>>> print(open('structure23.txt').read())   # compact mmCIF, C-alpha atoms
# COMPACT_ATOMS: atom_id res chain seq x y z
CA MET A 126 -15.15 -22.92 29.58
CA PRO A 127 -14.35 -25.43 32.36
CA GLY A 128 -13.51 -28.87 31.10
CA VAL A 129 -13.01 -27.78 27.48
CA HIS A 130 -9.40 -27.79 26.37
CA GLY A 131 -7.47 -27.57 23.12
CA LYS A 132 -7.21 -25.04 20.32
CA PRO A 133 -9.53 -22.01 20.17
CA SER A 134 -11.44 -23.51 17.21
CA ALA A 135 -12.06 -26.69 19.23
CA ARG A 136 -13.27 -24.69 22.21
CA LYS A 137 -15.63 -22.70 20.00
CA ALA A 138 -17.04 -25.88 18.47
CA ALA A 139 -17.53 -27.40 21.91
CA ALA A 140 -19.18 -24.24 23.20
CA GLY A 141 -21.57 -24.27 20.26
CA HIS A 142 -22.34 -27.94 20.79
CA LEU A 143 -23.24 -27.30 24.44
CA LEU A 144 -25.08 -23.99 24.16
CA LEU A 145 -26.90 -23.88 20.81
CA PRO A 146 -29.24 -26.90 20.76
CA ALA A 147 -31.73 -25.28 23.17
CA PRO A 148 -32.24 -22.00 21.25
CA THR A 149 -32.24 -23.87 17.96
CA GLY A 150 -35.01 -26.16 19.18
CA SER A 151 -37.12 -23.39 20.71
CA SER A 152 -36.74 -20.79 17.94
CA SER A 153 -39.29 -20.23 15.18
CA ARG A 154 -36.66 -19.79 12.47
CA ALA A 155 -32.88 -20.16 12.14
CA VAL A 156 -31.40 -17.66 9.68
CA LEU A 157 -28.04 -18.22 7.96
CA ALA A 158 -25.98 -15.85 5.86
CA ASP A 159 -26.29 -17.62 2.52
CA ARG A 160 -28.57 -20.04 0.72
CA ALA A 161 -25.98 -22.82 0.41
CA TRP A 162 -25.37 -23.27 4.14
CA PRO A 163 -28.58 -25.04 5.29
CA PRO A 164 -28.02 -28.26 3.30
CA ARG A 165 -24.31 -28.30 4.21
CA LEU A 166 -25.04 -28.08 7.92
CA LEU A 167 -27.18 -31.21 7.74
CA ARG A 168 -24.47 -33.42 6.23
CA GLY A 169 -22.32 -33.78 9.32
CA PRO A 170 -19.46 -32.22 11.29
CA GLN A 171 -17.01 -32.17 8.38
CA GLU A 172 -19.37 -30.05 6.30
CA GLY A 173 -20.01 -27.44 8.98
CA GLY A 174 -22.49 -29.07 11.36
CA TRP A 175 -19.87 -29.17 14.13
CA GLY A 176 -21.85 -31.62 16.26
CA LEU A 177 -25.15 -29.80 15.80
CA HIS A 178 -26.17 -31.60 12.61
CA ASP A 179 -28.49 -34.03 14.39
CA VAL A 180 -30.31 -31.18 16.13
CA LEU A 181 -30.48 -29.26 12.86
CA LYS A 182 -31.88 -32.28 11.01
CA MET A 183 -34.72 -32.39 13.50
CA ASN A 184 -35.36 -28.69 12.87
CA ASN A 185 -34.46 -28.47 9.20
CA TRP A 186 -37.77 -26.85 8.32
CA LYS A 187 -36.67 -23.81 10.32
CA LEU A 188 -33.45 -23.18 8.36
CA ARG A 189 -33.41 -20.29 5.92
CA GLY A 190 -30.50 -18.80 4.02
CA ILE A 191 -30.73 -15.04 3.43
CA VAL A 192 -28.00 -13.25 1.48
CA ASN A 193 -26.50 -10.16 3.09
CA GLY A 194 -27.38 -6.71 1.85
CA ILE A 195 -25.48 -3.42 1.97
CA ASP A 196 -26.26 0.05 3.27
CA TYR A 197 -26.63 2.20 0.17
CA GLN A 198 -26.50 5.35 2.25
CA GLU A 199 -22.90 4.49 3.09
CA TRP A 200 -21.89 2.54 -0.03
CA ASN A 201 -23.14 4.57 -2.98
CA PRO A 202 -20.69 5.96 -5.56
CA GLU A 203 -23.06 8.84 -6.36
CA THR A 204 -22.98 10.19 -2.79
CA ASP A 205 -19.83 8.64 -1.27
CA GLU A 206 -18.14 11.36 0.81
CA PHE A 207 -14.72 9.76 0.34
CA LEU A 208 -14.92 10.32 -3.42
CA ALA A 209 -15.71 14.03 -3.16
CA THR A 210 -12.11 15.25 -2.66
CA ASP A 211 -8.49 14.68 -3.72
CA GLY A 212 -9.28 14.23 -7.42
CA TYR A 213 -11.77 11.39 -6.92
CA ALA A 214 -15.26 11.73 -8.37
CA ASN A 215 -18.78 10.68 -7.52
CA TYR A 216 -20.46 8.80 -10.34
CA GLY A 217 -23.52 6.81 -11.30
CA THR A 218 -24.57 4.50 -14.10
CA ASP A 219 -24.60 7.32 -16.66
CA THR A 220 -21.12 8.53 -15.70
CA LEU A 221 -19.56 5.17 -14.82
CA ALA A 222 -16.69 5.21 -17.33
CA GLU A 223 -15.45 8.73 -16.60
CA GLY A 224 -16.08 8.38 -12.86
CA LYS A 225 -14.15 5.11 -12.55
CA ARG A 226 -11.32 6.58 -14.64
CA ALA A 227 -11.05 9.64 -12.38
CA CYS A 228 -11.09 7.49 -9.23
CA LYS A 229 -8.45 5.13 -10.62
CA MET A 230 -6.07 7.95 -11.49
CA ALA A 231 -6.67 9.64 -8.13
CA LEU A 232 -5.93 6.37 -6.32
CA GLN A 233 -2.74 5.91 -8.31
CA ARG A 234 -1.61 9.43 -7.45
CA GLU A 235 -2.49 9.05 -3.76
CA LEU A 236 -0.56 5.79 -3.46
CA GLY A 237 2.42 6.92 -5.52
CA LEU A 238 1.87 4.49 -8.38
CA GLN A 239 2.32 5.30 -12.05
CA VAL A 240 -0.74 7.22 -13.22
CA ASP A 241 -2.05 5.23 -16.15
CA PRO A 242 -5.80 4.66 -16.56
CA ASP A 243 -5.17 1.78 -18.98
CA VAL A 244 -3.03 -0.45 -16.73
CA PRO A 245 -4.99 -3.29 -15.06
CA MET A 246 -5.44 -2.44 -11.39
CA LEU A 247 -6.32 -5.18 -8.88
CA GLY A 248 -7.38 -4.73 -5.28
CA PHE A 249 -7.86 -6.76 -2.11
CA ILE A 250 -9.61 -5.57 1.07
CA GLY A 251 -10.06 -7.84 4.02
CA ARG A 252 -8.79 -9.78 6.99
CA LEU A 253 -5.44 -11.44 6.48
CA ASP A 254 -5.93 -15.12 7.28
CA TYR A 255 -6.22 -18.55 5.69
CA GLN A 256 -9.97 -18.23 5.11
CA LYS A 257 -9.60 -15.16 2.90
CA GLY A 258 -7.05 -16.82 0.61
CA VAL A 259 -4.51 -14.02 0.88
CA ASP A 260 -1.73 -16.57 0.48
CA LEU A 261 -3.08 -17.33 -3.01
CA ILE A 262 -2.50 -13.70 -3.97
CA ARG A 263 0.98 -13.89 -2.44
CA ASP A 264 1.76 -17.05 -4.39
CA THR A 265 0.64 -15.55 -7.74
CA TYR A 266 2.26 -12.17 -7.10
CA ASP A 267 5.16 -12.69 -9.52
CA TYR A 268 2.76 -13.62 -12.30
CA MET A 269 0.65 -10.49 -11.75
CA MET A 270 3.72 -8.28 -11.71
CA GLY A 271 4.94 -9.95 -14.89
CA GLU A 272 1.62 -9.05 -16.53
CA ARG A 273 2.32 -5.39 -15.63
CA CYS A 274 -0.69 -5.17 -13.30
CA GLN A 275 -0.92 -2.82 -10.36
CA LEU A 276 -1.90 -4.41 -7.05
CA VAL A 277 -3.34 -2.58 -4.03
CA MET A 278 -3.99 -4.45 -0.77
CA LEU A 279 -5.59 -3.30 2.48
CA GLY A 280 -5.93 -5.44 5.59
CA SER A 281 -4.55 -6.77 8.85
CA GLY A 282 -4.43 -10.12 10.59
CA ARG A 283 -1.90 -12.92 10.75
CA PRO A 284 1.61 -11.54 11.32
CA ASP A 285 3.14 -13.68 8.56
CA LEU A 286 0.60 -12.44 6.03
CA GLU A 287 1.08 -8.83 7.16
CA GLU A 288 4.79 -9.35 6.51
CA ALA A 289 3.94 -10.86 3.11
CA LEU A 290 2.09 -7.65 2.18
CA ARG A 291 5.08 -5.54 3.17
CA ASP A 292 7.37 -7.86 1.22
CA MET A 293 5.24 -7.61 -1.92
CA GLU A 294 5.33 -3.83 -1.85
CA GLY A 295 9.05 -3.80 -1.09
CA ARG A 296 9.82 -6.05 -4.06
CA ASN A 297 8.02 -3.86 -6.58
CA LYS A 298 7.10 -0.39 -5.36
CA SER A 299 6.33 0.77 -8.89
CA GLN A 300 3.40 -1.66 -9.17
CA CYS A 301 2.31 -2.69 -5.66
CA ARG A 302 1.06 -0.89 -2.57
CA SER A 303 0.14 -2.61 0.71
CA TRP A 304 -1.66 -0.91 3.59
CA VAL A 305 -1.28 -3.04 6.72
CA GLY A 306 -4.09 -1.95 8.99
CA PHE A 307 -7.48 -0.59 8.05
CA SER A 308 -8.91 2.69 6.79
CA VAL A 309 -12.57 3.19 5.97
CA LYS A 310 -11.70 6.00 3.58
CA MET A 311 -9.14 3.90 1.74
CA ALA A 312 -11.53 0.94 1.56
CA HIS A 313 -14.04 3.15 -0.28
CA ARG A 314 -11.40 4.62 -2.55
CA ILE A 315 -9.90 1.25 -3.45
CA THR A 316 -13.35 -0.14 -4.20
CA ALA A 317 -14.03 2.79 -6.54
CA GLY A 318 -10.59 2.95 -8.13
CA VAL A 319 -9.54 -0.60 -8.96
CA ASP A 320 -10.72 -2.53 -12.01
CA LEU A 321 -10.93 -5.92 -10.28
CA LEU A 322 -11.52 -6.80 -6.63
CA LEU A 323 -9.96 -10.12 -5.61
CA MET A 324 -11.85 -12.39 -3.19
CA PRO A 325 -10.16 -15.81 -3.27
CA SER A 326 -11.79 -16.93 0.00
CA ARG A 327 -11.59 -20.65 0.77
CA PHE A 328 -15.02 -20.35 2.38
CA GLU A 329 -17.30 -17.36 2.77
CA PRO A 330 -20.71 -17.51 4.50
CA CYS A 331 -21.73 -14.46 2.49
CA GLY A 332 -19.22 -11.67 2.07
CA LEU A 333 -19.81 -7.96 1.62
CA ASN A 334 -16.90 -6.66 -0.42
CA GLN A 335 -18.15 -8.28 -3.62
CA LEU A 336 -21.48 -6.48 -3.10
CA TYR A 337 -19.70 -3.17 -2.58
CA ALA A 338 -17.62 -3.81 -5.71
CA MET A 339 -20.64 -4.49 -7.91
CA ALA A 340 -22.39 -1.38 -6.58
CA TYR A 341 -19.32 0.64 -7.62
CA GLY A 342 -18.94 -0.89 -11.09
CA THR A 343 -15.86 -2.86 -10.03
CA VAL A 344 -15.60 -6.45 -11.24
CA PRO A 345 -15.30 -9.04 -8.44
CA VAL A 346 -13.06 -12.08 -9.00
CA VAL A 347 -14.23 -14.69 -6.50
CA HIS A 348 -13.83 -18.30 -5.45
CA ALA A 349 -17.26 -19.82 -6.11
CA VAL A 350 -18.16 -20.73 -2.52
CA GLY A 351 -20.98 -19.75 -0.17
CA GLY A 352 -22.36 -16.28 -0.62
CA LEU A 353 -19.79 -15.42 -3.28
CA ARG A 354 -21.35 -18.06 -5.51
CA ASP A 355 -24.84 -16.82 -4.58
CA THR A 356 -24.20 -13.18 -5.43
CA VAL A 357 -21.68 -13.07 -8.31
CA GLN A 358 -22.96 -14.20 -11.70
CA GLN A 359 -20.20 -15.62 -13.93
CA PHE A 360 -19.52 -13.41 -16.96
CA ASN A 361 -20.71 -14.93 -20.24
CA PRO A 362 -18.90 -13.31 -23.18
CA PHE A 363 -21.30 -14.84 -25.70
CA GLU A 364 -24.38 -13.31 -24.09
CA ASN A 365 -22.56 -10.29 -22.63
CA SER A 366 -24.10 -11.07 -19.27
CA GLY A 367 -22.85 -11.57 -15.72
CA THR A 368 -21.37 -9.49 -12.92
CA GLY A 369 -17.92 -10.97 -12.31
CA TRP A 370 -15.49 -13.85 -12.64
CA CYS A 371 -15.74 -17.04 -10.58
CA PHE A 372 -13.23 -19.87 -10.17
CA ASP A 373 -13.82 -23.30 -8.66
CA ARG A 374 -10.51 -24.31 -7.05
CA ALA A 375 -8.48 -22.57 -4.36
CA GLU A 376 -5.68 -24.85 -3.17
>>> encode(input="structure23.txt", output="structure tokens")
Amino acid sequence: MPGVHGKPSARKAAAGHLLLPAPTGSSSRAVLADRAWPPRLLRGPQEGGWGLHDVLKMNNWKLRGIVNGIDYQEWNPETDEFLATDGYANYGTDTLAEGKRACKMALQRELGLQVDPDVPMLGFIGRLDYQKGVDLIRDTYDYMMGERCQLVMLGSGRPDLEEALRDMEGRNKSQCRSWVGFSVKMAHRITAGVDLLLMPSRFEPCGLNQLYAMAYGTVPVVHAVGGLRDTVQQFNPFENSGTGWCFDRAE
């Protein structure tokens, strides 16, 4: 954009500041990807308004947060085509335990890990960048390996984080597998096979992987921000309720 210089994030903010006020003012509704975003946008540029907060304050009655949904024709463990071969299994609520067990063991065999349905198996699927908190997984890697967990990661992005994935696998091939790149088939199989799906995002307008995980009976472990907070209910051991584990800090 002529006259706009600096880092890509600065250019994007400037572009939004110049281009978005008109459609925001003339639209009937402004839809955001989670319920927590509308009040944040009104607080100022540091909270996400990025120079549009004054316009948004004038049109605050238009703002609505709507949580993402998922396509159950594609993400359904009972009909998932990627679970129909190679020792995986389709499953539903009545066959959850045996189905998850079969998928876990099939995933372990496919990736060359020790086949043990009782070992804790953790997964990560996503873009490799600061937002997604992949460095937090990297920095707690030694602890997870010391707890005898298996760790499976799938994603691409920042070169240094791609190298971190390769390094983690290279340091402990008996417990860790890293797939640098992306595979739709492997994303489905990891979601079905792991016990816990890690989503330590520093911010997340909504997120989809935690929704996929819950649909597949996999427990999401999430940083309680944005749509992750909206969609994952903290487990309560006293009431035996909840859908996952949430944590409040992600330095």
>>> residues_around(input="structure23.txt", residues="Asn297 of chain A", least_positions_apart="6", cutoff="10 Å", atoms="all atoms listed in the file", output="list in words")
Asp267, Met270, Gln275 and Leu276 of chain A
>>> residues_around(input="structure23.txt", residues="segment 325-327 of chain A", least_positions_apart="6", cutoff="10 Å", atoms="only C-alpha atoms", output="PyMOL selection string")
chain A and resi 249+254-262+345-351+353+371-376
>>> closest_residue(input="structure23.txt", among="A:Gln239, A:Thr210, A:Gln198, A:Ser152", to="Lys298 of chain A", atoms="all atoms listed in the file")
A:Gln239
>>> residues_around(input="structure23.txt", residues="segment 288-290 of chain A", least_positions_apart="6", cutoff="8 Å", atoms="all atoms listed in the file", output="compact mmCIF listing (two decimals) with C-alpha atoms, in the frame of the given file")
# COMPACT_ATOMS: atom_id res chain seq x y z
CA ARG A 263 0.98 -13.89 -2.44
CA MET A 278 -3.99 -4.45 -0.77
CA SER A 303 0.14 -2.61 0.71
CA TRP A 304 -1.66 -0.91 3.59
CA VAL A 305 -1.28 -3.04 6.72
>>> atom_distance(input="structure23.txt", atom1="atom CA of Trp200 of chain A", atom2="atom CA of Glu287 of chain A")
26.6 Å
>>> closest_atom_pairs(input="structure23.txt", of="segment 317-343 of chain A", to="segment 222-235 of chain A", cutoff="8 Å", atoms="all atoms listed in the file", output="Markdown table")
| residue | atom | partner | partner_atom | distance |
| --- | --- | --- | --- | --- |
| A:Ala317 | CA | A:Cys228 | CA | 6.2 |
| A:Gly318 | CA | A:Lys229 | CA | 3.9 |
| A:Val319 | CA | A:Lys229 | CA | 6.1 |
| A:Gly342 | CA | A:Lys225 | CA | 7.8 |
>>> atom_distance(input="structure23.txt", atom1="atom CA of Tyr197 of chain A", atom2="atom CA of Phe307 of chain A")
20.9 Å
>>> atom_distance(input="structure23.txt", atom1="atom CA of Glu294 of chain A", atom2="atom CA of Lys310 of chain A")
20.4 Å
>>> residues_around(input="structure23.txt", residues="Val156 of chain A", least_positions_apart="5", cutoff="7 Å", atoms="all atoms listed in the file", output="list of chain:residue names")
A:Leu188, A:Arg189, A:Gly190, A:Ile191
>>> residues_around(input="structure23.txt", residues="segment 201-203 of chain A", least_positions_apart="5", cutoff="8 Å", atoms="all atoms listed in the file", output="NGL selection string")
:A and (208 or 215-217 or 317 or 340-341)
>>> residues_near_point(input="structure23.txt", point="(-12.0, -0.2, -1.8)", cutoff="9 Å", atoms="only C-alpha atoms", output="list in words")
Gly248, Phe249, Ile250, Leu279, Val309, Lys310, Met311, Ala312, His313, Arg314, Ile315, Thr316, Ala317, Gly318, Val319, Leu322, Asn334, Tyr337 and Ala338 of chain A
